[in-house]
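Before any comments, here is the structure.
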Amino acid sequence: MSISKRFAMVLLSAGMAFGTVVTAEEQHGDWVVFTKDNPKECYTAAKHQSTKSTKKGKDVTKEVKRGEILLYTTYKPSENISGLVSFTGGYPFAPDSTVSVQIGDDKFDMFTSGEWAWPYAKDDARLMAAMKKGARAVLTARSARGTQTQDTFSLSGYTAATDAARAACGG
């Protein structure tokens, strides 16, 4: 699978919004490695492979309008961040809600703020380890409007992508 132009443009425009240049370095399976300089930051990112949205038990997938749905891992040496997983669901999450992550038999919760979710500190290393050995991650969340979403991500190439991002950031 090649890097999709839209996916790359979203990440590049996100970097430019913060006054930085983000460069797509390489692709490993379904994961892309991005870097930026000054300060040095490295990312892995993947788009969802499938999504389902329900509200009050009704499938509303075709009616729901969402922004980009992406799963990231971030390395920021200047902030001592080495492998922070994050997720953006393309909509504001319900206040005080969590995102459930299922990888095989392993389950994790992520806390939310606005359109972003992160693992609790106690789960950081365990989540990354599960992502490295798993085949897919299913993330279930609830929007501020009460819609429940389920997004599935391939983990093919995740280990190689995170290794490349860590190495690019001097790790």
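Residue numbering restarts at 1 in every chain; chains get A, B, ... in the order shown in the structure tokens, and ligands count up from 1 in that same order.
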
**helix (DSSP H, G or I) residues, from DSSP on the backbone, in region 41-136 of chain A, as JSON, numbers by chain** = {"A": [77, 78, 79, 121, 122, 123, 124, 125, 126, 127, 128, 129, 130, 131, 132, 133]}

**Message:** Can you tell me which residues surround Trp118 (chain A) at a distance of at most 7 Å, considering only C-alpha atoms, apart from same-chain residues fewer than 2 positions away, and format the answer as a list of chain:residue names?
**Reply:** A:Val85, A:Ser86, A:Phe87, A:Met110, A:Phe111, A:Thr112, A:Trp116, A:Tyr120

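Take the candidates A:Thr61, A:Leu127, A:Lys107, A:Thr35 and check each one against Gln150 (chain A) using only C-alpha atoms; the shortest distance goes to A:Thr61.
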
**Prompt:** In Å, with one decimal, what is the gap from CA of Arg126 (chain A) to CA of Thr51 (chain A)?
**Reply:** 24.6 Å

**Request:** Mind listing the strand (DSSP E or B) residues of region 1-170 of chain A, per DSSP on the backbone, as a VMD selection string?
**Result:** chain A and resid 22 to 28 31 to 36 41 to 47 50 to 55 58 to 59 70 to 76 81 to 88 93 98 to 103 106 to 113 116 to 119 136 to 143 148 to 154

**Asked** Quick one: residues within 12 Å of Cys42 (chain A), only C-alpha atoms counted, chain neighbours fewer than 2 positions away excluded, as a ChimeraX atom specification?
**Response** /A:15,21-26,32-40,44-45,72-78,81-84,161-171

Next, the residues of the selection above should be written as a PDB file, in the first residue's frame with C-alpha atoms.
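Result went into again06.pdb, see below:
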ATOM      1  CA  GLY A  15       2.681  20.422  10.635  1.00  0.00           C
ATOM      2  CA  VAL A  21       7.815  21.357   7.982  1.00  0.00           C
ATOM      3  CA  VAL A  22       6.857  17.715   8.350  1.00  0.00           C
ATOM      4  CA  THR A  23       8.508  15.233   5.987  1.00  0.00           C
ATOM      5  CA  ALA A  24       7.168  11.780   5.086  1.00  0.00           C
ATOM      6  CA  GLU A  25      10.265   9.607   5.433  1.00  0.00           C
ATOM      7  CA  GLU A  26       9.208   6.034   4.749  1.00  0.00           C
ATOM      8  CA  VAL A  32       4.114   5.938   7.708  1.00  0.00           C
ATOM      9  CA  VAL A  33       7.088   7.581   9.431  1.00  0.00           C
ATOM     10  CA  PHE A  34       7.169  11.402   9.522  1.00  0.00           C
ATOM     11  CA  THR A  35       9.827  13.724  10.912  1.00  0.00           C
ATOM     12  CA  LYS A  36      10.256  17.420  11.552  1.00  0.00           C
ATOM     13  CA  ASP A  37      13.216  19.508  12.679  1.00  0.00           C
ATOM     14  CA  ASN A  38      13.721  22.356  15.146  1.00  0.00           C
ATOM     15  CA  PRO A  39      12.986  20.769  17.513  1.00  0.00           C
ATOM     16  CA  LYS A  40      13.409  17.229  16.202  1.00  0.00           C
ATOM     17  CA  THR A  44       4.376   7.065  12.996  1.00  0.00           C
ATOM     18  CA  ALA A  45       0.815   7.265  11.755  1.00  0.00           C
ATOM     19  CA  TYR A  72      -0.098   7.955  16.001  1.00  0.00           C
ATOM     20  CA  THR A  73       3.034   7.223  17.978  1.00  0.00           C
ATOM     21  CA  THR A  74       5.168  10.270  18.793  1.00  0.00           C
ATOM     22  CA  TYR A  75       8.841  10.771  19.674  1.00  0.00           C
ATOM     23  CA  LYS A  76       9.946  14.212  20.930  1.00  0.00           C
ATOM     24  CA  PRO A  77      13.452  14.028  22.416  1.00  0.00           C
ATOM     25  CA  SER A  78      13.383  17.678  23.573  1.00  0.00           C
ATOM     26  CA  ILE A  81       8.735  11.710  24.926  1.00  0.00           C
ATOM     27  CA  SER A  82       9.678   8.327  23.527  1.00  0.00           C
ATOM     28  CA  GLY A  83       6.754   6.429  22.070  1.00  0.00           C
ATOM     29  CA  LEU A  84       3.522   8.176  23.064  1.00  0.00           C
ATOM     30  CA  ALA A 161       7.749   2.095  11.721  1.00  0.00           C
ATOM     31  CA  THR A 162       8.235   2.783  15.433  1.00  0.00           C
ATOM     32  CA  ASP A 163      11.794   1.448  15.277  1.00  0.00           C
ATOM     33  CA  ALA A 164      12.490   3.790  12.327  1.00  0.00           C
ATOM     34  CA  ALA A 165      10.890   6.789  14.065  1.00  0.00           C
ATOM     35  CA  ARG A 166      12.791   6.126  17.297  1.00  0.00           C
ATOM     36  CA  ALA A 167      16.064   5.813  15.342  1.00  0.00           C
ATOM     37  CA  ALA A 168      15.338   9.015  13.371  1.00  0.00           C
ATOM     38  CA  CYS A 169      14.914  10.855  16.664  1.00  0.00           C
ATOM     39  CA  GLY A 170      18.220   9.548  18.009  1.00  0.00           C
ATOM     40  CA  GLY A 171      16.760   6.724  20.107  1.00  0.00           C
TER      41      GLY A 171
END

**Message:** List the spatial neighbours of Asp105 (chain A) as a PyMOL selection string - criterion: any atom at most 12 Å away, only C-alpha atoms, same-chain residues fewer than 4 positions off excluded.
**Reply:** chain A and resi 101+127+130-131+133-138

Neighbours of Val60 (chain A) within 10 Å (only C-alpha atoms; same-chain residues fewer than 5 positions away dropped), as a short mmCIF file (atom, residue, chain, number, x, y, z; two decimals) with C-alpha atoms, in the first residue's frame?
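Output below, filename selection-v5.cif:
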data_model
loop_
_atom_site.label_atom_id
_atom_site.label_comp_id
_atom_site.auth_asym_id
_atom_site.auth_seq_id
_atom_site.Cartn_x
_atom_site.Cartn_y
_atom_site.Cartn_z
CA LYS A 52 -18.73 1.87 12.03
CA SER A 53 -20.91 4.49 13.72
CA THR A 54 -24.09 3.81 15.70
CA LYS A 55 -26.55 6.00 17.55
CA LYS A 65 -19.40 13.40 9.06
CA THR A 147 -22.61 8.65 18.49
CA GLN A 148 -20.57 5.52 19.20
CA THR A 149 -17.77 4.80 16.75
#

**Request:** Between A:His28, A:Lys122, A:Arg142, A:Lys58, single out the one closest to Phe108 (chain A), counting only C-alpha atoms.
**Result:**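 Among the listed residues, the smallest separation from Phe108 (chain A) belongs to A:Lys122.
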
**Message:** If we count only C-alpha atoms and set the cut-off at 6 Å, which residues sit around Ala46 (chain A), ignoring sequence neighbours fewer than 2 positions away in its own chain? Please answer as a ChimeraX atom specification.
**Reply:** /A:31,70-71
